[in-house]
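Have a look at the structure below before the remarks.
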Amino acid sequence: MSETEDLASMGPRRRRRYLAQHGQAALSQLDSQSPATSALPPEAALPQTPIPASPFVASPYTTVQPEPHELPNFRDYHEEPHPPSFPRVTPDIPPAADTTWESLLQDTQVTPAEQPEVTLSDNRRRDKRSRIRRRKTMRNRTFIILAIVVTLLVIAIVFGAIIFNRWLSAKGADYEGSGTGQVMVTVPEGALGSDIGSILAKAQVVASSQAFFNACRDQEAACSAIQPGTYAMAKHMSAVNALSILIDKANRVDDQITIGPGLTKWQVKEQLVNTAGFSDADVEAAFAKAPGLPKVAGGNIEGWLAPGTYLVGPGQDATETVRQMVAANVKRLRESGIPEDQWETFLTKASIVQREGSDLQKQDYAKIARVLENRMDTSKETVGFLNMDSTVIYGLGEASKSRKIPTSGEVADASNPYNTYRHKGLPPGPIGVVGQDAFDGTHNPPPGDWLYFTTVDLNTGETRFSATMEEQKANVELLKQFCKDHSNICKG
């Protein structure tokens with residue numbers, strides 16, 4: 001196969017490489033073998049400029065033929081800014097005898113990929129898909145907008161309800177009339193008007209606690225007269241009607257028991273029998289059971305009944321009432337921080353302080369507690385004897401519960417275990433209910449050297465304290481004179 005045939009049969013890329021390597025020499029050899037025109041057309045001639053050797057395709061516009069295998073000078077190479085285009089030669093046409101630079105270069109051009117013909121049906125399908133996408137987008141957008149509007153509407157309703165409820169609560173929603181049905185409402189000890197309003201609102205007696213508070217504010221005197229207890233009321237009453245029921249004692253359905261400081265267990269039993277309606281046997285059984293009574297009490301209920309007002313509701317028995325009294329006392333002992341193993345001893349001291357002192361002069365309770373501590377000191381002149389009249393009276397039993405001063409014979413009776421004139425130290429146990437003032441005074445007695453004290457006026461509670469027997473004898477004379485003038489009070 002000849003070189004010309006090889007050149008014609010080459011592909012575009014290989015032909016470009018071949019021409020870049022052999023240049024014009026290959027074309028000259030091809031022209032010499034062709035019977036057709038052996039020279040380039042006159043209009044293709046360019047100035048006689050040597051063409052430098054280059055890996056690029058030699059320019060067809062150069063007429064000067066370089067020596068074979070001579071490399072052209074690259075500095076002399078130049079090209080037109082816009083070289084003329086030539087008609088494209090179809091690659092599959094057999095090479096003609098007049099093969100020229102233009103035909104070879106045209107064969108090396110790459111034909112761009114033909115674009116597929118777009119038919120009318122394709123355009124319609126594309127338009128349909130576009131319309132579907134637009135409709136879907138509009139639906140999604142509408143749904144999002146609708147969801148936002150609904151959410152904002154719900155938020156507005158919720159906030160509106162909250163604001164309305166706050167306004168209604170501040171104003172105080174209220175019912176009208178006297179209500180319907182019946183409900184029992186218990187007002188605890190020490191409850192304020194706002195507390196009672198909350199209790200009534202929770203029991204559905206009034207529409208709101210604010211309404212009852214407004215009624216109390218308009219009738220302060222009536223509201224302050226409400227007593228603790230259980231009342232028979234109706235539901236859905238106006239606040240004014242609810243207040244009118246609470247200030248009427250006839251509407252109370254419970255019994256109220258007030259346990260005062262200094263009372264003995266026998267006196268408490270009288271309250272439970274006479275006021276609450278319990279039988280004597282029920283109270284004695286409740287004292288024996290004494291639910292909640294600590295072990296340090298040794299089964300003795302005396303001193304463990306806390307003072308205060310207790311409500312005995314319908315169906316409540318004596319045991320439950322006693323349990324409440326004991327629980328109240330245990331609570332304040334725990335809150336005071338006194339160790340549990342010292343509770344019985346503490347209550348014994350505090351009960352003596354309570355019986356020896358007077359609520360007329362509450363500041364004396366702490367001083368009396370200091371006297372007890374000093375007298376139990378065997379190094380003092382009292383050598384451990386308390387010498388307390390109140391303990392002697394308690395030891396005489398229930399029959400002497402109202403007496404205050406023992407006789408000389410009773411003081412000399414050593415058979416009485418509570419006779420602190422004949423027995424050193426504390427008596428066997430507490431001797432009565434301990435009030436809060438005596439409780440606090442016994443818990444924190446002030447410093448002092450007092451060994452004696454005497455109440456010189458049993459009506460006013462005036463009490464005098466002394467550190468020597470001489471001072472004490474003078475104070476006793478004042479007491480004797482008082483008893484001479486008021487024999488009905490001293491009783492002995």
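By order of appearance in the structure tokens: chains A, B, ..., then residues from 1 within every chain, and ligands from 1 in the order shown.
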
Item to check | Contacts of Ala350 of chain A within 7 Å, only C-alpha atoms, excl. fewer than 5 positions in-chain, as a list in words | outcome: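 Final neighbour list, sorted by chain and number: Val434, Ala438, Phe439 and Thr442 of chain A.
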
List every residue of segment 365-476 of chain A that DSSP, applied to the backbone of this structure, places in helix (DSSP H, G or I), and write the result as a PDB file with C-alpha atoms, in the first residue's frame.
ATOM      1  CA  TYR A 365     -42.754  31.294 132.408  1.00  0.00           C
ATOM      2  CA  ALA A 366     -39.112  31.390 131.377  1.00  0.00           C
ATOM      3  CA  LYS A 367     -37.992  32.574 134.847  1.00  0.00           C
ATOM      4  CA  ILE A 368     -39.967  29.767 136.520  1.00  0.00           C
ATOM      5  CA  ALA A 369     -38.246  27.275 134.204  1.00  0.00           C
ATOM      6  CA  ARG A 370     -34.888  28.643 135.405  1.00  0.00           C
ATOM      7  CA  VAL A 371     -35.991  28.217 139.032  1.00  0.00           C
ATOM      8  CA  LEU A 372     -36.752  24.522 138.327  1.00  0.00           C
ATOM      9  CA  GLU A 373     -33.311  23.977 136.869  1.00  0.00           C
ATOM     10  CA  ASN A 374     -31.636  25.718 139.839  1.00  0.00           C
ATOM     11  CA  ARG A 375     -33.633  23.808 142.441  1.00  0.00           C
ATOM     12  CA  ASP A 389     -47.592  23.192 145.256  1.00  0.00           C
ATOM     13  CA  SER A 390     -48.911  22.317 141.801  1.00  0.00           C
ATOM     14  CA  THR A 391     -47.386  18.839 141.889  1.00  0.00           C
ATOM     15  CA  VAL A 392     -48.853  18.118 145.321  1.00  0.00           C
ATOM     16  CA  ILE A 393     -52.348  19.149 144.163  1.00  0.00           C
ATOM     17  CA  TYR A 394     -52.081  16.952 141.047  1.00  0.00           C
ATOM     18  CA  GLY A 395     -51.051  13.981 143.188  1.00  0.00           C
ATOM     19  CA  GLU A 398     -59.200  14.217 140.158  1.00  0.00           C
ATOM     20  CA  ALA A 399     -61.144  15.468 143.161  1.00  0.00           C
ATOM     21  CA  SER A 400     -58.584  18.253 143.777  1.00  0.00           C
ATOM     22  CA  SER A 408     -49.912  21.664 155.518  1.00  0.00           C
ATOM     23  CA  GLY A 409     -50.991  18.066 156.037  1.00  0.00           C
ATOM     24  CA  GLU A 410     -50.989  17.427 152.308  1.00  0.00           C
ATOM     25  CA  VAL A 411     -47.521  18.924 152.043  1.00  0.00           C
ATOM     26  CA  ALA A 412     -46.287  16.573 154.785  1.00  0.00           C
ATOM     27  CA  GLN A 436     -47.140  27.473 123.894  1.00  0.00           C
ATOM     28  CA  ASP A 437     -45.738  30.213 126.148  1.00  0.00           C
ATOM     29  CA  ALA A 438     -44.764  27.720 128.843  1.00  0.00           C
ATOM     30  CA  PHE A 439     -43.413  25.422 126.115  1.00  0.00           C
ATOM     31  CA  ASP A 440     -41.161  28.161 124.719  1.00  0.00           C
ATOM     32  CA  GLY A 441     -40.075  29.376 128.170  1.00  0.00           C
ATOM     33  CA  THR A 442     -39.062  25.894 129.296  1.00  0.00           C
ATOM     34  CA  HIS A 443     -37.189  25.314 126.042  1.00  0.00           C
ATOM     35  CA  MET A 469     -34.806  32.454 151.755  1.00  0.00           C
ATOM     36  CA  GLU A 470     -35.138  35.780 153.531  1.00  0.00           C
ATOM     37  CA  GLU A 471     -36.572  37.389 150.418  1.00  0.00           C
ATOM     38  CA  GLN A 472     -38.809  34.397 149.867  1.00  0.00           C
ATOM     39  CA  LYS A 473     -40.270  34.555 153.418  1.00  0.00           C
ATOM     40  CA  ALA A 474     -41.222  38.153 152.865  1.00  0.00           C
ATOM     41  CA  ASN A 475     -43.015  37.271 149.649  1.00  0.00           C
ATOM     42  CA  VAL A 476     -44.837  34.385 151.350  1.00  0.00           C
TER      43      VAL A 476
END

Next on the checklist: Using only C-alpha atoms for the distances, tell me which of A:Thr309, A:Thr264, A:Gln324, A:Thr230 is nearest to Ile245 of chain A.
Outcome noted: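 Using only C-alpha atoms, Ile245 of chain A sits closest to A:Thr230.
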
Checklist entry - Counting only C-alpha atoms, what is within 12 Å of Arg323 of chain A, bar same-chain residues fewer than 2 positions away, as a list in words? => result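 The residues that qualify are Val283, Ala286, Phe287, Ala288, Lys289, Ala290, Pro291, Gly292, Leu293, Pro294, Ile301, Trp304, Leu305, Ala306, Tyr310, Gln316, Asp317, Ala318, Thr319, Glu320, Thr321, Met325, Val326, Ala327, Ala328, Asn329 and Val330 of chain A.
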
Atoms kept (N, CA, C and O atoms) for selection, written as a compact mmCIF listing (two decimals), in the first residue's frame:
# COMPACT_ATOMS: atom_id res chain seq x y z
N VAL A 283 -64.35 8.01 126.23
CA VAL A 283 -63.17 8.86 126.42
C VAL A 283 -62.07 8.08 127.14
O VAL A 283 -60.89 8.18 126.79
N ALA A 286 -60.47 5.89 124.71
CA ALA A 286 -59.61 6.66 123.80
C ALA A 286 -58.30 7.02 124.47
O ALA A 286 -57.22 6.97 123.86
N PHE A 287 -58.35 7.38 125.77
CA PHE A 287 -57.12 7.68 126.50
C PHE A 287 -56.24 6.43 126.61
O PHE A 287 -55.00 6.53 126.57
N ALA A 288 -56.86 5.29 126.78
CA ALA A 288 -56.08 4.05 126.91
C ALA A 288 -55.43 3.66 125.58
O ALA A 288 -54.28 3.22 125.55
N LYS A 289 -56.17 3.85 124.49
CA LYS A 289 -55.59 3.52 123.17
C LYS A 289 -54.54 4.56 122.78
O LYS A 289 -53.45 4.22 122.34
N ALA A 290 -54.94 5.81 122.94
CA ALA A 290 -54.03 6.94 122.65
C ALA A 290 -53.22 6.70 121.37
O ALA A 290 -51.99 6.59 121.42
N PRO A 291 -53.86 6.62 120.21
CA PRO A 291 -53.12 6.38 118.98
C PRO A 291 -52.09 7.48 118.71
O PRO A 291 -52.38 8.67 118.84
N GLY A 292 -50.88 7.08 118.37
CA GLY A 292 -49.81 8.03 118.10
C GLY A 292 -49.00 8.42 119.31
O GLY A 292 -48.04 9.20 119.19
N LEU A 293 -49.34 7.91 120.49
CA LEU A 293 -48.60 8.27 121.70
C LEU A 293 -47.21 7.62 121.68
O LEU A 293 -47.09 6.41 121.52
N PRO A 294 -46.14 8.41 121.82
CA PRO A 294 -44.78 7.84 121.78
C PRO A 294 -44.51 6.89 122.94
O PRO A 294 -45.17 6.95 123.99
N ILE A 301 -51.38 9.40 129.10
CA ILE A 301 -51.81 10.45 128.17
C ILE A 301 -51.59 11.85 128.72
O ILE A 301 -51.58 12.83 127.96
N TRP A 304 -49.68 15.03 127.08
CA TRP A 304 -49.51 14.80 125.65
C TRP A 304 -50.68 15.31 124.81
O TRP A 304 -50.69 15.14 123.59
N LEU A 305 -51.65 15.94 125.45
CA LEU A 305 -52.78 16.53 124.73
C LEU A 305 -52.46 18.00 124.48
O LEU A 305 -52.36 18.78 125.42
N ALA A 306 -52.28 18.36 123.21
CA ALA A 306 -51.89 19.73 122.88
C ALA A 306 -53.09 20.66 123.03
O ALA A 306 -54.24 20.29 122.76
N TYR A 310 -60.52 22.09 118.62
CA TYR A 310 -60.69 20.89 117.80
C TYR A 310 -62.16 20.77 117.38
O TYR A 310 -63.07 21.01 118.19
N GLN A 316 -67.50 11.43 113.84
CA GLN A 316 -66.14 11.34 114.40
C GLN A 316 -66.21 10.81 115.83
O GLN A 316 -67.01 11.29 116.65
N ASP A 317 -65.36 9.84 116.18
CA ASP A 317 -65.40 9.25 117.51
C ASP A 317 -64.35 9.88 118.42
O ASP A 317 -63.53 10.71 117.99
N ALA A 318 -64.36 9.46 119.68
CA ALA A 318 -63.46 10.04 120.68
C ALA A 318 -62.01 9.67 120.39
O ALA A 318 -61.09 10.48 120.63
N THR A 319 -61.78 8.47 119.89
CA THR A 319 -60.40 8.04 119.60
C THR A 319 -59.76 8.92 118.55
O THR A 319 -58.58 9.30 118.67
N GLU A 320 -60.49 9.29 117.52
CA GLU A 320 -59.95 10.16 116.47
C GLU A 320 -59.65 11.55 117.03
O GLU A 320 -58.63 12.17 116.67
N THR A 321 -60.50 12.04 117.90
CA THR A 321 -60.27 13.36 118.49
C THR A 321 -59.01 13.35 119.35
O THR A 321 -58.19 14.28 119.27
N MET A 325 -55.20 15.44 119.01
CA MET A 325 -54.54 16.19 120.08
C MET A 325 -53.10 15.72 120.29
O MET A 325 -52.18 16.54 120.46
N VAL A 326 -52.91 14.41 120.29
CA VAL A 326 -51.56 13.86 120.48
C VAL A 326 -50.68 14.23 119.29
O VAL A 326 -49.50 14.60 119.45
N ALA A 327 -51.22 14.12 118.08
CA ALA A 327 -50.44 14.43 116.87
C ALA A 327 -49.97 15.88 116.87
O ALA A 327 -48.84 16.19 116.45
N ALA A 328 -50.82 16.79 117.34
CA ALA A 328 -50.43 18.20 117.39
C ALA A 328 -49.28 18.42 118.35
O ALA A 328 -48.37 19.24 118.09
N ASN A 329 -49.27 17.69 119.47
CA ASN A 329 -48.20 17.85 120.44
C ASN A 329 -46.88 17.26 119.93
O ASN A 329 -45.81 17.85 120.09
N VAL A 330 -46.97 16.09 119.29
CA VAL A 330 -45.77 15.46 118.73
C VAL A 330 -45.17 16.35 117.64
O VAL A 330 -43.94 16.48 117.53

Checklist entry - Contacts of Ser209 of chain A at 9 Å or less, counting only C-alpha atoms, minus same-chain residues fewer than 4 places along, as a list in words? => result Ser169, Gly172, Ala173, Ser194, Asp195, Ile196, Gly197, Ser198, Ile199, Leu200, Ala201, Lys202, Phe213, Asn214 and Ala239 of chain A

Store the residues picked out above in a file with N, CA, C and O atoms, as a tab-separated table (two decimals), in the first residue's frame.
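selection.tsv was written with the following content:
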chain	number	residue	atom	x	y	z
A	169	SER	N	-61.20	36.31	86.44
A	169	SER	CA	-60.71	35.95	87.77
A	169	SER	C	-60.46	37.20	88.61
A	169	SER	O	-60.74	37.21	89.81
A	172	GLY	N	-63.79	38.40	89.56
A	172	GLY	CA	-64.43	37.48	90.49
A	172	GLY	C	-65.75	36.95	89.95
A	172	GLY	O	-66.80	37.57	90.14
A	173	ALA	N	-65.68	35.80	89.26
A	173	ALA	CA	-66.91	35.18	88.77
A	173	ALA	C	-67.77	34.78	89.96
A	173	ALA	O	-67.28	34.31	90.98
A	194	SER	N	-59.29	34.90	102.53
A	194	SER	CA	-58.82	34.31	101.27
A	194	SER	C	-58.77	32.79	101.36
A	194	SER	O	-59.06	32.09	100.38
A	195	ASP	N	-58.38	32.27	102.54
A	195	ASP	CA	-58.35	30.82	102.73
A	195	ASP	C	-59.75	30.22	102.65
A	195	ASP	O	-59.97	29.19	102.00
A	196	ILE	N	-60.69	30.87	103.29
A	196	ILE	CA	-62.07	30.39	103.26
A	196	ILE	C	-62.62	30.44	101.84
A	196	ILE	O	-63.34	29.53	101.40
A	197	GLY	N	-62.29	31.51	101.10
A	197	GLY	CA	-62.73	31.61	99.71
A	197	GLY	C	-62.23	30.46	98.86
A	197	GLY	O	-62.96	29.91	98.04
A	198	SER	N	-60.97	30.08	99.05
A	198	SER	CA	-60.41	28.96	98.29
A	198	SER	C	-61.11	27.65	98.65
A	198	SER	O	-61.39	26.82	97.78
A	199	ILE	N	-61.42	27.47	99.95
A	199	ILE	CA	-62.11	26.25	100.39
A	199	ILE	C	-63.51	26.19	99.76
A	199	ILE	O	-63.95	25.14	99.26
A	200	LEU	N	-64.21	27.31	99.76
A	200	LEU	CA	-65.56	27.34	99.20
A	200	LEU	C	-65.55	27.12	97.69
A	200	LEU	O	-66.41	26.43	97.14
A	201	ALA	N	-64.56	27.71	97.00
A	201	ALA	CA	-64.47	27.54	95.55
A	201	ALA	C	-64.16	26.08	95.19
A	201	ALA	O	-64.70	25.54	94.22
A	202	LYS	N	-63.28	25.44	95.96
A	202	LYS	CA	-62.94	24.05	95.71
A	202	LYS	C	-64.14	23.14	95.94
A	202	LYS	O	-64.32	22.13	95.23
A	213	PHE	N	-63.78	36.79	98.43
A	213	PHE	CA	-62.88	37.80	98.99
A	213	PHE	C	-63.48	39.20	98.84
A	213	PHE	O	-63.38	40.03	99.75
A	214	ASN	N	-64.12	39.45	97.70
A	214	ASN	CA	-64.77	40.74	97.49
A	214	ASN	C	-65.91	40.94	98.49
A	214	ASN	O	-66.11	42.05	99.02
A	239	ALA	N	-71.62	34.67	96.54
A	239	ALA	CA	-70.64	34.88	97.62
A	239	ALA	C	-71.27	35.54	98.83
A	239	ALA	O	-70.94	35.23	99.98

Item to check | For Glu381 of chain A: contacts at 9 Å, only C-alpha atoms, fewer than 4 positions along chain excluded, given as JSON, numbers by chain | outcome: {"A": [375, 377, 451, 468]}

Next on the checklist: DSSP on the backbone, strand (DSSP E or B) only: what residues of segment 151-351 of chain A does that give? Format it as number ranges by chain.
Outcome noted: A: 180-187, 229-235, 252, 255-259, 308-312

Next on the checklist: Which residue is closest to Lys265 of chain A? Choose from A:Met184, A:Ile132, A:Val322, A:Leu479 and count only C-alpha atoms.
Outcome noted: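 The shortest atom-to-atom distance to Lys265 of chain A comes from A:Val322.
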
Checklist entry - Which one is closest to Lys404 of chain A: A:Leu458, A:Ala215, A:Leu478, A:Ala232? Count only C-alpha atoms. => result A:Leu458

Checklist entry - Of the residues A:Val154, A:Ile144, A:Ile405, A:Leu192, which is the one nearest to Cys490 of chain A, using only C-alpha atoms? => result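 So, comparing all the options, the nearest one is A:Ile405.
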